>>> print(open('structure.pdb').read())   # PDB, C-alpha atoms, pLDDT in the B column
ATOM      1  CA  MET A  10     -14.274 -59.764 -23.735  1.00 53.00           C
ATOM      2  CA  PRO A  11     -11.943 -58.847 -26.583  1.00 60.00           C
ATOM      3  CA  PRO A  12      -8.873 -56.797 -25.556  1.00 59.00           C
ATOM      4  CA  THR A  13      -9.917 -53.786 -27.643  1.00 63.00           C
ATOM      5  CA  THR A  14     -13.230 -53.478 -25.764  1.00 70.00           C
ATOM      6  CA  SER A  15     -11.572 -53.467 -22.348  1.00 69.00           C
ATOM      7  CA  LEU A  16      -9.012 -50.921 -23.576  1.00 63.00           C
ATOM      8  CA  ARG A  17     -11.818 -48.668 -24.812  1.00 71.00           C
ATOM      9  CA  ARG A  18     -13.695 -49.028 -21.523  1.00 71.00           C
ATOM     10  CA  PHE A  19     -10.517 -48.179 -19.554  1.00 65.00           C
ATOM     11  CA  THR A  20      -9.929 -45.118 -21.751  1.00 65.00           C
ATOM     12  CA  VAL A  21     -13.498 -43.875 -21.264  1.00 59.00           C
ATOM     13  CA  VAL A  22     -13.379 -44.377 -17.481  1.00 58.00           C
ATOM     14  CA  ALA A  23      -9.971 -42.685 -17.186  1.00 55.00           C
ATOM     15  CA  THR A  24     -11.138 -39.751 -19.294  1.00 62.00           C
ATOM     16  CA  LEU A  25     -14.285 -39.294 -17.204  1.00 56.00           C
ATOM     17  CA  ALA A  26     -12.304 -39.525 -13.955  1.00 56.00           C
ATOM     18  CA  GLY A  27      -9.844 -36.893 -15.216  1.00 56.00           C
ATOM     19  CA  ALA A  28     -12.686 -34.622 -16.319  1.00 52.00           C
ATOM     20  CA  MET A  29     -14.355 -34.901 -12.900  1.00 54.00           C
ATOM     21  CA  LEU A  30     -11.066 -34.124 -11.161  1.00 52.00           C
ATOM     22  CA  CYS A  31     -10.531 -31.036 -13.288  1.00 50.00           C
ATOM     23  CA  ALA A  32     -14.125 -29.882 -12.773  1.00 51.00           C
ATOM     24  CA  THR A  33     -13.966 -30.134  -8.983  1.00 51.00           C
ATOM     25  CA  ALA A  34     -10.371 -29.000  -8.378  1.00 48.00           C
ATOM     26  CA  ASP A  35      -9.673 -25.540  -7.014  1.00 45.00           C
ATOM     27  CA  PHE A  36      -7.121 -24.170  -9.441  1.00 44.00           C
ATOM     28  CA  THR A  37      -6.050 -21.045  -7.601  1.00 43.00           C
ATOM     29  CA  PRO A  38      -2.766 -19.333  -8.482  1.00 41.00           C
ATOM     30  CA  ALA A  39      -1.065 -21.103  -5.567  1.00 39.00           C
ATOM     31  CA  PHE A  40      -2.420 -24.561  -6.509  1.00 38.00           C
ATOM     32  CA  GLY A  41       0.317 -26.892  -7.517  1.00 34.00           C
ATOM     33  CA  PHE A  42       3.048 -24.302  -7.378  1.00 36.00           C
ATOM     34  CA  PRO A  43       4.921 -24.537  -4.085  1.00 36.00           C
ATOM     35  CA  GLY A  44       6.519 -21.286  -3.088  1.00 39.00           C
ATOM     36  CA  ARG A  45       4.013 -19.118  -4.960  1.00 46.00           C
ATOM     37  CA  GLY A  46       2.506 -17.964  -1.687  1.00 53.00           C
ATOM     38  CA  PRO A  47      -0.917 -17.579  -0.191  1.00 69.00           C
ATOM     39  CA  THR A  48      -4.069 -16.933  -2.157  1.00 82.00           C
ATOM     40  CA  LEU A  49      -6.126 -13.782  -1.647  1.00 88.00           C
ATOM     41  CA  THR A  50      -8.872 -15.740   0.080  1.00 90.00           C
ATOM     42  CA  ALA A  51      -6.458 -17.429   2.480  1.00 92.00           C
ATOM     43  CA  THR A  52      -4.775 -14.119   3.273  1.00 92.00           C
ATOM     44  CA  ALA A  53      -8.115 -12.417   3.904  1.00 92.00           C
ATOM     45  CA  ALA A  54      -9.107 -15.253   6.241  1.00 93.00           C
ATOM     46  CA  GLU A  55      -5.794 -14.989   8.105  1.00 94.00           C
ATOM     47  CA  LEU A  56      -6.132 -11.198   8.483  1.00 93.00           C
ATOM     48  CA  SER A  57      -9.716 -11.593   9.674  1.00 92.00           C
ATOM     49  CA  LYS A  58      -8.528 -14.088  12.263  1.00 93.00           C
ATOM     50  CA  ILE A  59      -5.715 -11.807  13.466  1.00 92.00           C
ATOM     51  CA  LEU A  60      -7.869  -8.666  13.697  1.00 91.00           C
ATOM     52  CA  GLY A  61     -11.127 -10.271  14.778  1.00 91.00           C
ATOM     53  CA  ASN A  62     -13.201  -8.583  12.070  1.00 91.00           C
ATOM     54  CA  SER A  63     -13.962  -9.225   8.419  1.00 92.00           C
ATOM     55  CA  VAL A  64     -11.173  -8.175   6.046  1.00 92.00           C
ATOM     56  CA  SER A  65     -11.303  -8.445   2.263  1.00 92.00           C
ATOM     57  CA  ILE A  66      -8.462  -8.176  -0.233  1.00 92.00           C
ATOM     58  CA  HIS A  67      -8.822  -6.722  -3.704  1.00 92.00           C
ATOM     59  CA  VAL A  68      -6.346  -6.590  -6.565  1.00 92.00           C
ATOM     60  CA  THR A  69      -6.576  -4.144  -9.446  1.00 90.00           C
ATOM     61  CA  PRO A  70      -6.770  -5.640 -12.953  1.00 89.00           C
ATOM     62  CA  GLU A  71      -3.178  -4.761 -13.820  1.00 85.00           C
ATOM     63  CA  MET A  72      -1.930  -6.726 -10.784  1.00 86.00           C
ATOM     64  CA  GLU A  73      -4.070  -9.846 -11.341  1.00 85.00           C
ATOM     65  CA  GLY A  74      -1.857 -12.824 -11.992  1.00 83.00           C
ATOM     66  CA  SER A  75       1.274 -10.893 -11.074  1.00 84.00           C
ATOM     67  CA  PRO A  76       3.916 -12.979  -9.303  1.00 84.00           C
ATOM     68  CA  ILE A  77       4.384 -10.208  -6.748  1.00 87.00           C
ATOM     69  CA  VAL A  78       0.820 -10.443  -5.332  1.00 89.00           C
ATOM     70  CA  PRO A  79       1.484 -13.551  -3.176  1.00 90.00           C
ATOM     71  CA  ALA A  80       4.628 -11.886  -1.813  1.00 89.00           C
ATOM     72  CA  VAL A  81       2.665  -8.728  -0.980  1.00 89.00           C
ATOM     73  CA  CYS A  82      -0.024 -10.835   0.740  1.00 91.00           C
ATOM     74  CA  LYS A  83       2.611 -12.533   2.868  1.00 92.00           C
ATOM     75  CA  VAL A  84       4.231  -9.220   3.825  1.00 92.00           C
ATOM     76  CA  VAL A  85       0.878  -7.643   4.728  1.00 92.00           C
ATOM     77  CA  THR A  86       0.000 -10.607   6.961  1.00 93.00           C
ATOM     78  CA  GLU A  87       3.373 -10.505   8.703  1.00 93.00           C
ATOM     79  CA  ALA A  88       3.257  -6.730   9.202  1.00 92.00           C
ATOM     80  CA  ILE A  89      -0.252  -6.775  10.663  1.00 93.00           C
ATOM     81  CA  HIS A  90       0.660  -9.688  12.894  1.00 92.00           C
ATOM     82  CA  ASP A  91       3.742  -7.811  14.166  1.00 91.00           C
ATOM     83  CA  VAL A  92       1.850  -4.577  14.849  1.00 90.00           C
ATOM     84  CA  THR A  93      -1.064  -6.275  16.642  1.00 89.00           C
ATOM     85  CA  ARG A  94       0.919  -8.159  19.273  1.00 86.00           C
ATOM     86  CA  ASP A  95      -1.032  -6.594  22.146  1.00 86.00           C
ATOM     87  CA  GLU A  96      -4.804  -6.416  22.580  1.00 87.00           C
ATOM     88  CA  GLN A  97      -5.033  -2.600  22.431  1.00 87.00           C
ATOM     89  CA  SER A  98      -3.180  -2.358  19.107  1.00 86.00           C
ATOM     90  CA  ARG A  99      -5.279  -5.185  17.695  1.00 89.00           C
ATOM     91  CA  GLY A 100      -8.472  -3.379  18.712  1.00 88.00           C
ATOM     92  CA  ARG A 101      -7.341  -0.075  17.237  1.00 88.00           C
ATOM     93  CA  LEU A 102      -6.273  -1.602  13.935  1.00 89.00           C
ATOM     94  CA  SER A 103      -9.393  -3.769  13.676  1.00 88.00           C
ATOM     95  CA  ARG A 104     -11.555  -0.632  13.928  1.00 87.00           C
ATOM     96  CA  GLY A 105      -9.633   1.015  11.101  1.00 88.00           C
ATOM     97  CA  LEU A 106      -8.944  -1.772   8.611  1.00 90.00           C
ATOM     98  CA  ASN A 107     -11.549  -3.648   6.579  1.00 91.00           C
ATOM     99  CA  VAL A 108     -10.138  -3.710   3.039  1.00 93.00           C
ATOM    100  CA  VAL A 109      -6.671  -4.272   1.575  1.00 92.00           C
ATOM    101  CA  LEU A 110      -6.233  -2.968  -1.969  1.00 92.00           C
ATOM    102  CA  ILE A 111      -3.161  -3.987  -3.962  1.00 89.00           C
ATOM    103  CA  GLU A 112      -2.586  -1.675  -6.905  1.00 87.00           C
ATOM    104  CA  GLY A 113       0.035  -1.385  -9.592  1.00 81.00           C
ATOM    105  CA  GLN A 114       2.477   1.481  -9.644  1.00 74.00           C
ATOM    106  CA  LYS A 115       1.005   4.834 -10.609  1.00 68.00           C
ATOM    107  CA  THR A 116       3.133   7.128 -12.721  1.00 59.00           C
ATOM    108  CA  THR A 117       2.326  10.116 -10.513  1.00 54.00           C
ATOM    109  CA  MET A 118       3.425   8.400  -7.307  1.00 50.00           C
ATOM    110  CA  HIS A 119       6.814   7.395  -6.063  1.00 55.00           C
ATOM    111  CA  GLU A 120       7.961   3.772  -6.079  1.00 54.00           C
ATOM    112  CA  HIS A 121       6.126   2.604  -2.971  1.00 59.00           C
ATOM    113  CA  PHE A 122       2.974   4.146  -1.641  1.00 80.00           C
ATOM    114  CA  VAL A 123       1.039   2.789   1.336  1.00 86.00           C
ATOM    115  CA  THR A 124      -1.919   4.506   3.002  1.00 87.00           C
ATOM    116  CA  LEU A 125      -4.555   3.561   5.526  1.00 88.00           C
ATOM    117  CA  LYS A 126      -7.564   5.839   5.124  1.00 87.00           C
ATOM    118  CA  GLU A 127     -11.268   5.251   5.618  1.00 88.00           C
ATOM    119  CA  HIS A 128     -10.799   1.555   6.495  1.00 89.00           C
ATOM    120  CA  VAL A 129      -8.834   0.833   3.286  1.00 91.00           C
ATOM    121  CA  LEU A 130      -5.148  -0.120   3.287  1.00 91.00           C
ATOM    122  CA  THR A 131      -3.926   0.816  -0.196  1.00 90.00           C
ATOM    123  CA  ILE A 132      -0.629  -0.597  -1.403  1.00 89.00           C
ATOM    124  CA  GLN A 133       0.866   0.591  -4.661  1.00 85.00           C
ATOM    125  CA  THR A 134       3.742  -1.557  -5.737  1.00 78.00           C
ATOM    126  CA  VAL A 135       5.929  -2.455  -8.690  1.00 71.00           C
ATOM    127  CA  ASN A 136       6.246  -5.830 -10.379  1.00 67.00           C
ATOM    128  CA  ASP A 137       9.620  -6.602  -8.795  1.00 73.00           C
ATOM    129  CA  VAL A 138       9.966  -8.944  -5.813  1.00 78.00           C
ATOM    130  CA  SER A 139      13.272  -7.333  -4.834  1.00 79.00           C
ATOM    131  CA  SER A 140      11.369  -4.188  -3.768  1.00 79.00           C
ATOM    132  CA  ILE A 141       9.438  -6.087  -1.057  1.00 83.00           C
ATOM    133  CA  PRO A 142      11.772  -5.094   1.849  1.00 85.00           C
ATOM    134  CA  LYS A 143      11.224  -1.376   1.115  1.00 85.00           C
ATOM    135  CA  MET A 144       7.483  -1.921   0.957  1.00 85.00           C
ATOM    136  CA  ARG A 145       7.544  -3.887   4.232  1.00 88.00           C
ATOM    137  CA  SER A 146       9.363  -1.040   5.999  1.00 88.00           C
ATOM    138  CA  LEU A 147       6.868   1.513   4.694  1.00 89.00           C
ATOM    139  CA  LEU A 148       3.939  -0.740   5.625  1.00 91.00           C
ATOM    140  CA  ASP A 149       5.268  -1.118   9.188  1.00 90.00           C
ATOM    141  CA  ASP A 150       5.605   2.657   9.501  1.00 90.00           C
ATOM    142  CA  VAL A 151       2.068   3.326   8.245  1.00 91.00           C
ATOM    143  CA  LEU A 152       0.467   0.700  10.525  1.00 90.00           C
ATOM    144  CA  LYS A 153       2.416   1.817  13.618  1.00 89.00           C
ATOM    145  CA  GLU A 154       1.598   5.458  12.915  1.00 89.00           C
ATOM    146  CA  TYR A 155      -2.097   4.614  12.600  1.00 89.00           C
ATOM    147  CA  VAL A 156      -2.131   2.686  15.880  1.00 87.00           C
ATOM    148  CA  GLN A 157      -0.278   5.480  17.712  1.00 86.00           C
ATOM    149  CA  ARG A 158      -2.485   8.202  16.225  1.00 80.00           C
ATOM    150  CA  ASP A 159      -5.616   6.284  17.262  1.00 60.00           C
ATOM    151  CA  GLU A 160      -4.139   5.877  20.743  1.00 61.00           C
ATOM    152  CA  LYS A 161      -3.764   9.664  21.095  1.00 62.00           C
ATOM    153  CA  MET A 162      -7.421  10.189  20.127  1.00 62.00           C
ATOM    154  CA  GLU A 163      -8.788   7.885  22.834  1.00 57.00           C
ATOM    155  CA  PRO A 164      -9.892   9.619  26.034  1.00 49.00           C
ATOM    156  CA  ALA A 165      -8.072   8.818  29.258  1.00 42.00           C
ATOM    157  CA  PRO A 166      -9.723   6.240  31.543  1.00 45.00           C
ATOM    158  CA  GLY A 167     -12.515   7.823  33.571  1.00 43.00           C
ATOM    159  CA  VAL A 168     -12.798  10.881  31.288  1.00 40.00           C
ATOM    160  CA  GLN A 169     -16.093  11.267  29.442  1.00 45.00           C
ATOM    161  CA  PRO A 170     -15.837  12.414  25.806  1.00 44.00           C
ATOM    162  CA  LYS A 171     -17.701  15.643  25.020  1.00 42.00           C
TER     163      LYS A 171
END
>>> encode(input="structure.pdb", output="structure tokens")
Amino acid sequence: MPPTTSLRRFTVVATLAGAMLCATADFTPAFGFPGRGPTLTATAAELSKILGNSVSIHVTPEMEGSPIVPAVCKVVTEAIHDVTRDEQSRGRLSRGLNVVLIEGQKTTMHEHFVTLKEHVLTIQTVNDVSSIPKMRSLLDDVLKEYVQRDEKMEPAPGVQPK
């Protein structure tokens, strides 16, 4: 076989192999970039595992592709893990949390805004990673307050609710 034919064949095979690799690879934002953090799917799976119920994570269009989203995902996972150390807290939070929504900063709100209402944990944040510690503190406060408030609403053992 002439050398040019084998070179052409090698080029065609290498091109096809590269095309198949690109077609089947999962190019998520965290793929190939160490330190970028967890993906939304991985974070949702981790939260579902911690709480024992299905949790989904949504990002508003202005936050898609933002470098702060993986950091927020990591902080949310850590905060929920810290709050749900005992079985009662885990049960209370699992009844009240099904969706995590990461939004961009609203002009009408202050810098950090975290709420947990109607099974949705809403996090408004800015595009600056240095603000993560403030957000983590606020997130801890909101989750602990929710667990304590739910604890006060439960009837005492042996007491029938009316």
>>> closest_residue(input="structure.pdb", among="A:Asn107, A:Ser146, A:Thr69, A:Thr86", to="Glu55 of chain A", atoms="only C-alpha atoms")
A:Thr86
>>> resolve_selection(input="structure.pdb", expression="the PyMOL selection byres ((chain A and resi 154) around 12)", output="ChimeraX atom specification")
/A:92,98,101-102,123-125,147-153,155-161
>>> atom_distance(input="structure.pdb", atom1="atom CA of Val109 of chain A", atom2="atom CA of His128 of chain A")
8.7 Å
>>> residues_around(input="structure.pdb", residues="Thr52 of chain A", least_positions_apart="2", cutoff="8 Å", atoms="all atoms listed in the file", output="tab-separated table (two decimals) with C-alpha atoms, in the frame of the given file")
chain	number	residue	atom	x	y	z
A	47	PRO	CA	-0.92	-17.58	-0.19
A	48	THR	CA	-4.07	-16.93	-2.16
A	49	LEU	CA	-6.13	-13.78	-1.65
A	50	THR	CA	-8.87	-15.74	0.08
A	54	ALA	CA	-9.11	-15.25	6.24
A	55	GLU	CA	-5.79	-14.99	8.10
A	56	LEU	CA	-6.13	-11.20	8.48
A	66	ILE	CA	-8.46	-8.18	-0.23
A	82	CYS	CA	-0.02	-10.84	0.74
A	83	LYS	CA	2.61	-12.53	2.87
A	86	THR	CA	0.00	-10.61	6.96
>>> axis_aligned_box(input="structure.pdb", around="segment 101-110 of chain A", padding_each_side="5 Å", output="AutoDock Vina command-line options")
--center_x -8.9 --center_y -1.6 --center_z 7.6 --size_x 15.3 --size_y 15.3 --size_z 29.2
